[in-house]
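Engineer: What follows is query-v7.csv; its format and atoms are CSV, C-alpha atoms.
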```csv
chain,number,residue,atom,x,y,z
A,1,MET,CA,123.8,173.2,-46.1
A,2,ALA,CA,124.4,169.5,-46.3
A,3,ARG,CA,121.0,168.8,-44.9
A,4,ARG,CA,119.1,170.2,-47.9
A,5,PRO,CA,120.0,167.4,-50.4
A,6,ILE,CA,119.2,164.8,-47.7
A,7,SER,CA,115.8,166.5,-47.0
A,8,LEU,CA,115.1,166.5,-50.8
A,9,ALA,CA,115.9,162.8,-51.0
A,10,ALA,CA,113.8,162.1,-48.0
A,11,GLY,CA,110.9,164.0,-49.5
A,12,ALA,CA,111.2,162.0,-52.8
A,13,ALA,CA,111.5,158.7,-50.8
A,14,ARG,CA,108.3,159.6,-48.9
A,15,VAL,CA,106.4,160.2,-52.1
A,16,GLY,CA,107.7,156.9,-53.5
A,17,VAL,CA,106.7,154.9,-50.4
A,18,ALA,CA,103.3,156.6,-50.3
A,19,ALA,CA,102.7,155.8,-53.9
A,20,VAL,CA,103.6,152.1,-53.5
A,21,PHE,CA,101.4,151.6,-50.4
A,22,LEU,CA,98.5,153.6,-51.8
A,23,ALA,CA,98.6,151.5,-55.0
A,24,ALA,CA,99.1,148.2,-53.2
A,25,GLY,CA,96.3,149.0,-50.7
A,26,GLY,CA,93.9,150.3,-53.4
A,27,LEU,CA,94.4,147.3,-55.6
A,28,LYS,CA,93.7,144.9,-52.8
A,29,ALA,CA,90.8,146.9,-51.3
A,30,ARG,CA,89.0,146.5,-54.7
A,31,ASP,CA,88.8,142.7,-54.2
A,32,PRO,CA,89.0,141.6,-50.5
A,33,ALA,CA,87.8,138.1,-51.4
A,34,ALA,CA,90.7,137.5,-53.7
A,35,PHE,CA,93.1,138.9,-51.2
A,36,ALA,CA,91.7,136.6,-48.5
A,37,ALA,CA,92.4,133.7,-50.8
A,38,ALA,CA,95.9,135.0,-51.4
A,39,ILE,CA,96.6,135.2,-47.6
A,40,ASP,CA,95.1,131.8,-47.1
A,41,HIS,CA,97.4,130.3,-49.7
A,42,TYR,CA,100.4,131.2,-47.3
A,43,ARG,CA,99.0,128.6,-44.9
A,44,LEU,CA,100.0,130.6,-41.8
A,45,LEU,CA,96.6,131.6,-40.4
A,46,PRO,CA,93.2,130.1,-39.9
A,47,TYR,CA,90.8,131.2,-42.7
A,48,PRO,CA,88.7,133.6,-40.6
A,49,ALA,CA,91.9,135.5,-39.6
A,50,ALA,CA,92.9,135.6,-43.3
A,51,ALA,CA,89.5,137.1,-44.2
A,52,ALA,CA,89.7,139.7,-41.4
A,53,LEU,CA,93.2,140.7,-42.5
A,54,ALA,CA,92.1,140.9,-46.1
A,55,LEU,CA,89.5,143.5,-45.1
A,56,TYR,CA,91.8,145.4,-42.8
A,57,LEU,CA,95.4,145.4,-44.3
A,58,PRO,CA,94.6,147.2,-47.5
A,59,TRP,CA,93.0,150.1,-45.6
A,60,LEU,CA,95.9,150.2,-43.2
A,61,GLU,CA,98.3,150.5,-46.2
A,62,ILE,CA,96.1,153.2,-47.7
A,63,VAL,CA,95.8,155.2,-44.4
A,64,CYS,CA,99.6,154.9,-43.7
A,65,GLY,CA,100.5,155.6,-47.3
A,66,ALA,CA,98.6,158.9,-47.1
A,67,ALA,CA,99.7,159.7,-43.6
A,68,VAL,CA,103.4,159.4,-44.5
A,69,LEU,CA,103.0,162.5,-46.6
A,70,TRP,CA,101.6,164.4,-43.6
A,71,SER,CA,104.2,165.6,-41.1
A,72,ARG,CA,101.7,165.4,-38.2
A,73,TRP,CA,101.2,161.7,-38.6
A,74,ARG,CA,104.5,160.7,-40.3
A,75,LEU,CA,106.2,159.1,-37.3
A,76,GLY,CA,103.3,156.7,-36.6
A,77,ALA,CA,102.8,155.9,-40.3
A,78,LEU,CA,106.5,155.0,-40.8
A,79,ASN,CA,106.4,152.8,-37.7
A,80,LEU,CA,103.4,150.9,-39.0
A,81,LEU,CA,104.8,150.7,-42.6
A,82,LEU,CA,108.1,149.3,-41.3
A,83,ALA,CA,106.1,146.7,-39.2
A,84,LEU,CA,104.0,145.8,-42.3
A,85,CYS,CA,107.2,145.3,-44.4
A,86,ALA,CA,108.7,143.1,-41.7
A,87,VAL,CA,105.5,141.0,-41.5
A,88,PHE,CA,105.2,140.8,-45.3
A,89,SER,CA,108.9,139.8,-45.6
A,90,GLY,CA,108.5,137.1,-43.0
A,91,ALA,CA,105.5,135.7,-44.7
A,92,LEU,CA,107.2,135.7,-48.2
A,93,ALA,CA,110.4,134.2,-46.8
A,94,SER,CA,108.4,131.5,-45.1
A,95,ALA,CA,106.4,130.7,-48.3
A,96,TRP,CA,109.6,130.6,-50.3
A,97,GLY,CA,111.3,128.4,-47.7
A,98,ARG,CA,108.4,125.9,-47.7
A,99,HIS,CA,108.5,125.7,-51.6
A,100,LEU,CA,105.0,127.0,-51.9
A,101,ASP,CA,104.0,127.7,-55.5
A,102,ILE,CA,101.8,130.7,-54.8
A,103,ALA,CA,101.4,134.3,-55.9
A,104,CYS,CA,102.7,137.1,-53.6
A,105,GLY,CA,99.3,138.8,-53.5
A,106,CYS,CA,101.1,142.1,-52.7
A,107,PHE,CA,99.4,144.1,-55.5
A,108,GLY,CA,96.3,141.9,-56.0
A,109,ALA,CA,96.5,139.3,-58.7
A,110,GLY,CA,99.9,138.5,-60.0
A,111,PRO,CA,102.2,135.7,-61.2
A,112,ALA,CA,102.7,132.7,-59.0
A,113,GLY,CA,105.9,130.7,-58.3
A,114,ARG,CA,109.2,130.9,-56.5
A,115,ALA,CA,110.6,133.6,-58.7
A,116,ALA,CA,107.6,135.8,-58.0
A,117,LEU,CA,107.9,135.2,-54.3
A,118,LEU,CA,111.6,136.0,-54.3
A,119,PHE,CA,110.9,139.2,-56.3
A,120,GLY,CA,108.2,140.2,-53.8
A,121,LEU,CA,110.6,139.4,-50.9
A,122,GLY,CA,113.3,141.7,-52.4
A,123,ARG,CA,110.7,144.4,-52.9
A,124,SER,CA,109.4,144.1,-49.4
A,125,VAL,CA,112.8,144.2,-47.8
A,126,GLY,CA,113.8,147.1,-49.9
A,127,LEU,CA,110.7,149.0,-48.9
A,128,GLY,CA,111.4,148.2,-45.3
A,129,LEU,CA,114.9,149.6,-45.6
A,130,VAL,CA,113.6,152.8,-47.1
A,131,CYS,CA,111.0,153.1,-44.3
A,132,ALA,CA,113.7,152.5,-41.7
A,133,ALA,CA,115.9,155.2,-43.2
A,134,LEU,CA,113.0,157.6,-43.3
A,135,LEU,CA,112.2,156.8,-39.7
A,136,ALA,CA,115.8,157.5,-38.7
A,137,PHE,CA,115.7,160.7,-40.6
A,138,GLU,CA,112.5,161.6,-38.8
A,139,LEU,CA,114.1,160.9,-35.4
A,140,ARG,CA,117.4,162.8,-36.2
A,141,PRO,CA,118.5,165.3,-33.5
A,142,ALA,CA,117.4,168.8,-34.1
A,143,PRO,CA,120.2,171.1,-35.4
A,144,PRO,CA,121.9,173.2,-32.8
A,145,PRO,CA,120.7,176.8,-32.6
A,146,ALA,CA,122.7,179.2,-34.7
B,1,MET,CA,103.2,161.2,-20.3
B,2,SER,CA,105.2,164.1,-18.8
B,3,GLY,CA,107.9,161.8,-17.4
B,4,GLY,CA,108.2,159.6,-20.5
B,5,ASP,CA,110.1,160.0,-23.8
B,6,PRO,CA,108.0,162.6,-25.8
B,7,ILE,CA,109.0,161.0,-29.1
B,8,PHE,CA,107.9,157.6,-27.9
B,9,GLY,CA,104.6,159.0,-26.7
B,10,ARG,CA,104.0,160.8,-29.9
B,11,ALA,CA,104.8,157.7,-32.0
B,12,LEU,CA,102.5,155.5,-29.9
B,13,ARG,CA,99.6,158.0,-30.1
B,14,GLN,CA,100.0,158.4,-33.9
B,15,THR,CA,100.2,154.6,-34.4
B,16,THR,CA,97.1,154.1,-32.4
B,17,VAL,CA,95.1,156.7,-34.2
B,18,LEU,CA,96.2,155.3,-37.6
B,19,LEU,CA,95.3,151.7,-36.6
B,20,VAL,CA,91.9,152.9,-35.6
B,21,ALA,CA,91.4,155.0,-38.6
B,22,ALA,CA,92.0,152.0,-40.9
B,23,LEU,CA,89.5,150.0,-38.9
B,24,VAL,CA,86.6,152.3,-40.0
B,25,PRO,CA,86.7,151.6,-43.8
B,26,ALA,CA,87.6,148.0,-43.1
B,27,LEU,CA,84.4,147.5,-41.1
B,28,LEU,CA,82.4,149.2,-43.8
B,29,ALA,CA,84.0,146.9,-46.4
B,30,ALA,CA,83.1,143.9,-44.2
B,31,ALA,CA,79.5,144.9,-44.2
B,32,LEU,CA,79.0,146.4,-47.6
B,33,HIS,CA,81.7,145.4,-50.1
B,34,PRO,CA,80.3,143.4,-52.9
B,35,ARG,CA,83.5,141.3,-53.0
B,36,ARG,CA,83.8,140.8,-49.2
B,37,PRO,CA,85.4,137.5,-48.2
B,38,ALA,CA,83.4,134.7,-46.7
B,39,TRP,CA,84.3,133.8,-43.1
B,40,SER,CA,85.0,130.1,-43.7
B,41,ARG,CA,87.2,128.3,-46.1
B,42,ALA,CA,84.4,126.0,-47.0
B,43,GLN,CA,82.3,128.9,-48.3
B,44,ALA,CA,85.2,130.8,-49.9
B,45,GLY,CA,87.1,128.1,-51.9
B,46,ALA,CA,86.1,125.5,-54.4
B,47,PRO,CA,85.5,122.1,-52.7
B,48,GLU,CA,88.3,119.5,-53.1
B,49,VAL,CA,87.8,116.1,-54.6
B,50,THR,CA,90.2,113.2,-54.7
B,51,TRP,CA,91.0,111.4,-57.9
B,52,ALA,CA,89.2,108.2,-56.7
B,53,GLU,CA,86.0,110.2,-56.0
B,54,ALA,CA,86.1,112.1,-59.2
B,55,SER,CA,86.7,109.1,-61.4
B,56,ALA,CA,83.8,107.3,-59.7
B,57,TRP,CA,81.4,110.2,-60.6
B,58,PRO,CA,78.6,109.2,-63.1
B,59,GLY,CA,78.5,111.5,-66.1
B,60,PRO,CA,81.2,113.5,-67.8
B,61,VAL,CA,83.9,115.4,-66.0
B,62,LEU,CA,85.8,118.3,-67.6
B,63,TRP,CA,89.4,118.3,-66.4
B,64,VAL,CA,91.2,121.7,-66.3
B,65,ASP,CA,94.9,122.0,-66.1
B,66,ALA,CA,95.9,125.2,-64.3
B,67,ARG,CA,99.7,124.6,-64.5
B,68,ALA,CA,102.0,126.6,-66.8
B,69,PRO,CA,101.7,125.8,-70.5
B,70,ALA,CA,105.1,124.1,-70.6
B,71,ALA,CA,104.0,121.6,-67.9
B,72,TYR,CA,100.7,121.0,-69.8
B,73,ALA,CA,102.6,120.5,-73.0
B,74,ARG,CA,104.8,117.8,-71.4
B,75,ARG,CA,102.0,115.8,-70.1
B,76,HIS,CA,98.5,116.2,-68.7
B,77,ILE,CA,95.5,114.2,-67.6
B,78,PRO,CA,93.9,112.8,-70.8
B,79,GLY,CA,91.3,115.2,-72.1
B,80,ALA,CA,92.3,118.0,-69.8
B,81,LEU,CA,92.1,121.6,-71.1
B,82,PRO,CA,94.7,124.2,-70.3
B,83,LEU,CA,93.5,127.2,-68.3
B,84,ASP,CA,96.0,129.1,-66.2
B,85,GLU,CA,95.6,132.6,-64.9
B,86,ALA,CA,98.5,134.0,-66.9
B,87,HIS,CA,96.8,132.9,-70.2
B,88,TRP,CA,93.2,133.2,-69.1
B,89,GLU,CA,91.9,135.3,-71.9
B,90,GLU,CA,93.4,133.2,-74.7
B,91,GLN,CA,92.6,129.8,-73.1
B,92,LEU,CA,89.1,130.6,-71.9
B,93,PRO,CA,87.3,130.3,-75.3
B,94,GLY,CA,88.6,126.7,-75.5
B,95,PHE,CA,87.1,125.9,-72.1
B,96,LEU,CA,83.8,127.5,-73.0
B,97,ARG,CA,83.5,125.5,-76.2
B,98,ALA,CA,84.0,122.3,-74.2
B,99,TRP,CA,81.9,123.0,-71.1
B,100,ARG,CA,78.2,122.2,-71.0
B,101,PRO,CA,75.7,123.0,-68.2
B,102,GLY,CA,75.7,120.2,-65.6
B,103,VAL,CA,79.2,118.9,-66.4
B,104,ARG,CA,81.4,118.9,-63.4
B,105,VAL,CA,84.7,120.7,-63.7
B,106,VAL,CA,87.8,119.5,-61.8
B,107,VAL,CA,90.8,121.9,-61.8
B,108,TYR,CA,94.3,120.8,-60.9
B,109,CYS,CA,97.8,122.3,-60.5
B,110,ASP,CA,101.1,120.7,-59.5
B,111,ASP,CA,100.5,119.5,-55.9
B,112,ARG,CA,99.4,120.6,-52.5
B,113,ALA,CA,101.9,123.5,-52.5
B,114,CYS,CA,100.3,125.3,-55.5
B,115,ASP,CA,97.4,127.8,-55.5
B,116,ALA,CA,96.8,128.0,-59.2
B,117,SER,CA,93.9,125.4,-59.2
B,118,GLN,CA,92.0,127.3,-56.4
B,119,SER,CA,92.5,130.6,-58.2
B,120,ALA,CA,91.3,129.2,-61.5
B,121,ALA,CA,88.4,127.4,-59.8
B,122,ARG,CA,87.4,130.6,-57.9
B,123,ARG,CA,87.4,132.6,-61.2
B,124,LEU,CA,85.3,129.9,-62.9
B,125,ARG,CA,82.7,130.1,-60.1
B,126,GLN,CA,82.7,133.8,-59.7
B,127,GLU,CA,83.1,135.1,-63.3
B,128,LEU,CA,81.3,132.4,-65.2
B,129,GLY,CA,78.8,131.4,-62.4
B,130,ILE,CA,79.7,127.7,-62.7
B,131,ASP,CA,78.7,125.9,-59.5
B,132,GLN,CA,80.1,122.5,-60.1
B,133,VAL,CA,83.8,123.4,-60.0
B,134,PHE,CA,86.1,121.3,-57.8
B,135,VAL,CA,89.8,121.2,-57.1
B,136,LEU,CA,91.7,117.9,-57.4
B,137,THR,CA,93.3,117.1,-54.0
B,138,GLY,CA,97.0,116.8,-54.4
B,139,GLY,CA,96.8,117.9,-58.0
B,140,TRP,CA,99.0,116.5,-60.8
B,141,SER,CA,101.2,114.6,-58.3
B,142,ALA,CA,98.2,112.8,-56.8
B,143,TRP,CA,97.0,111.8,-60.3
B,144,LEU,CA,100.5,110.5,-61.1
B,145,ASP,CA,100.5,108.5,-57.9
B,146,ALA,CA,97.1,107.1,-58.7
B,147,GLN,CA,98.4,105.9,-62.1
B,148,SER,CA,101.4,104.2,-60.7
B,149,HIS,CA,99.3,102.1,-58.2
```
Show how you would write the structure in this file as structure tokens.
Structural biologist:
Amino acid sequence: MARRPISLAAGAARVGVAAVFLAAGGLKARDPAAFAAAIDHYRLLPYPAAAALALYLPWLEIVCGAAVLWSRWRLGALNLLLALCAVFSGALASAWGRHLDIACGCFGAGPAGRAALLFGLGRSVGLGLVCAALLAFELRPAPPPA
Amino acid sequence: MSGGDPIFGRALRQTTVLLVAALVPALLAAALHPRRPAWSRAQAGAPEVTWAEASAWPGPVLWVDARAPAAYARRHIPGALPLDEAHWEEQLPGFLRAWRPGVRVVVYCDDRACDASQSAARRLRQELGIDQVFVLTGGWSAWLDAQSH
């Protein structure tokens, strides 16, 4: 009986995670050139790599955001979303640590500056924790037969 | 896979399929998207210009300050107009009143660590079709350095 509230919470969390990644991916997929510039401003990659990522990452977010709602693909989707959150968090922490005055780029155009980077970092870490919890829930041992 | 962990195998298979599934629309976007990125920084961003180069240009130059309004209010390059992305709609009419075809536009923000000047320059080029838009290398800090020497 104790599993039911947890299952309901997991379902709600999955919908929330899916909504965030579908929105983030959709907004960035509308303008890959602007997203390439946003990635380039992090100064972590050569420009052609930033351009390639700007074309690919939004669609990976959209595909994984949709797949997390589908039990058949959920495990792979959560793995990838957790990895994406780790990469985004690393990039944001790096930009913040280097005192870059740039926009997060997480949801397309947005405010620039250290406060915006810190907010984006908190959001990315929080999302990563939710994905990790959902992954743990997905990998939980099956209940013993009655 | 019969001898391996079935969960690991399932996760690996799903991850691979999802990675490939995202590749298809990404490749279509690379070929067909009207806002697809250029493959080199030189094509994508506004060219940079140093203060020494810009001040030696013949003809008028329109300076654009892409920093926050408070920074602009404290001090700015003489004659510069404020135009930052957060106040784009309200500040753009002032820019359009001052700009004339053929006039070079140089945008600056705080220093090398900011992206506001590139973002504003990109919008001026893409949304208004102004070709002669440049970014001041080193931004406001470089201008201050040039004034002190």
Engineer: Contacts between chain A and chain B, please, where a residue of chain B counts if it comes within 10 Å (with all atoms listed in the file); show its shortest atom pair and distance in Å to one decimal, rows by chain and ascending number, as a tab-separated table.
Structural biologist:
```
residue	atom	partner	partner_atom	distance
B:Ile7	CA	A:Leu139	CA	8.1
B:Phe8	CA	A:Leu75	CA	9.7
B:Arg10	CA	A:Gly76	CA	7.9
B:Ala11	CA	A:Gly76	CA	4.9
B:Leu12	CA	A:Gly76	CA	6.9
B:Arg13	CA	A:Gly76	CA	7.6
B:Gln14	CA	A:Gly76	CA	4.6
B:Thr15	CA	A:Gly76	CA	4.3
B:Thr16	CA	A:Gly76	CA	7.9
B:Val17	CA	A:Gly76	CA	8.5
B:Leu18	CA	A:Val63	CA	6.8
B:Leu19	CA	A:Leu60	CA	6.8
B:Val20	CA	A:Leu60	CA	9.0
B:Ala21	CA	A:Val63	CA	7.3
B:Ala22	CA	A:Leu60	CA	4.9
B:Leu23	CA	A:Tyr56	CA	6.5
B:Val24	CA	A:Trp59	CA	8.8
B:Pro25	CA	A:Trp59	CA	6.7
B:Ala26	CA	A:Tyr56	CA	4.9
B:Leu27	CA	A:Leu55	CA	7.6
B:Leu28	CA	A:Leu55	CA	9.2
B:Ala29	CA	A:Leu55	CA	6.6
B:Ala30	CA	A:Leu55	CA	6.5
B:His33	CA	A:Pro32	CA	8.2
B:Pro34	CA	A:Asp31	CA	8.6
B:Arg35	CA	A:Ala33	CA	5.6
B:Arg36	CA	A:Ala33	CA	5.3
B:Pro37	CA	A:Ala33	CA	4.0
B:Ala38	CA	A:Ala51	CA	7.0
B:Trp39	CA	A:Pro48	CA	5.1
B:Ser40	CA	A:Pro48	CA	6.0
B:Arg41	CA	A:Tyr47	CA	5.7
B:Ala42	CA	A:Tyr47	CA	9.3
B:Ala44	CA	A:Ala37	CA	7.8
B:Gly45	CA	A:Ala37	CA	7.8
B:Ala68	CA	A:Ala112	CA	9.9
B:Glu85	CA	A:Pro111	CA	8.2
B:Ala86	CA	A:Pro111	CA	7.0
B:Cys109	CA	A:Asp101	CA	9.6
B:Asp110	CA	A:Asp101	CA	8.6
B:Asp111	CA	A:Asp101	CA	8.9
B:Arg112	CA	A:Leu100	CA	8.5
B:Ala113	CA	A:Leu100	CA	4.7
B:Cys114	CA	A:Asp101	CA	4.4
B:Asp115	CA	A:Ile102	CA	5.3
B:Ala116	CA	A:Ile102	CA	7.2
B:Gln118	CA	A:Ala37	CA	8.5
B:Ser119	CA	A:Ala37	CA	8.0
B:Arg122	CA	A:Ala34	CA	8.7
B:Arg123	CA	A:Ala34	CA	9.5
```
Engineer: Taking 4 positions as the minimum chain separation for residues in the same chain, which residues sit within 8 Å of Val61 (chain B) when counting only C-alpha atoms? Answer as number ranges by chain.
Structural biologist: B: 54, 57, 103-106
Engineer: Tell me, as a PDB file with C-alpha atoms, in the coordinates of the input, which residues lie within 12 Å of Phe137 (chain A), counting all atoms listed in the file; anything in the same chain fewer than 2 positions away does not count.
Structural biologist:
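Saved result, result.pdb, follows:
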```pdb
ATOM      1  CA  ARG A   3     121.000 168.800 -44.900  1.00  0.00           C
ATOM      2  CA  ILE A   6     119.200 164.800 -47.700  1.00  0.00           C
ATOM      3  CA  SER A   7     115.800 166.500 -47.000  1.00  0.00           C
ATOM      4  CA  LEU A   8     115.100 166.500 -50.800  1.00  0.00           C
ATOM      5  CA  ALA A   9     115.900 162.800 -51.000  1.00  0.00           C
ATOM      6  CA  ALA A  10     113.800 162.100 -48.000  1.00  0.00           C
ATOM      7  CA  GLY A  11     110.900 164.000 -49.500  1.00  0.00           C
ATOM      8  CA  ALA A  13     111.500 158.700 -50.800  1.00  0.00           C
ATOM      9  CA  ARG A  14     108.300 159.600 -48.900  1.00  0.00           C
ATOM     10  CA  ARG A  74     104.500 160.700 -40.300  1.00  0.00           C
ATOM     11  CA  LEU A  75     106.200 159.100 -37.300  1.00  0.00           C
ATOM     12  CA  LEU A  78     106.500 155.000 -40.800  1.00  0.00           C
ATOM     13  CA  VAL A 130     113.600 152.800 -47.100  1.00  0.00           C
ATOM     14  CA  CYS A 131     111.000 153.100 -44.300  1.00  0.00           C
ATOM     15  CA  ALA A 132     113.700 152.500 -41.700  1.00  0.00           C
ATOM     16  CA  ALA A 133     115.900 155.200 -43.200  1.00  0.00           C
ATOM     17  CA  LEU A 134     113.000 157.600 -43.300  1.00  0.00           C
ATOM     18  CA  LEU A 135     112.200 156.800 -39.700  1.00  0.00           C
ATOM     19  CA  LEU A 139     114.100 160.900 -35.400  1.00  0.00           C
ATOM     20  CA  ARG A 140     117.400 162.800 -36.200  1.00  0.00           C
ATOM     21  CA  PRO A 141     118.500 165.300 -33.500  1.00  0.00           C
ATOM     22  CA  ALA A 142     117.400 168.800 -34.100  1.00  0.00           C
TER      23      ALA A 142
END
```
Engineer: Can you pull out the residues contacting Leu62 (chain B)? Cut-off 12 Å, using only C-alpha atoms, and skip same-chain residues under 2 positions away; I want them as a PyMOL selection string.
Structural biologist: chain B and resi 54-55+57+59-60+64-65+77-83+94-108+132-136
Engineer: Enter the distance from CA of Cys85 (chain A) to CA of Leu127 (chain A), in Å, rounded to one decimal.
Structural biologist: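 Computing the Euclidean distance for CA of Cys85 (chain A) and CA of Leu127 (chain A) yields 6.8 Å.
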Engineer: What separation in Å, quoted to one decimal, exists between CA of Gln126 (chain B) and CA of Ala46 (chain B)?
Structural biologist: 10.4 Å
Engineer: One decimal, Å: what's the distance from CA of Val17 (chain A) over to CA of Leu82 (chain A), could you say?
Structural biologist: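 A separation of 10.8 Å between them.
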Engineer: Restricting the calculation to all atoms listed in the file: of B:Pro47, B:Pro93, B:Pro58, B:Pro69, which residue gets closest to Thr137 (chain B)?
Structural biologist: B:Pro47
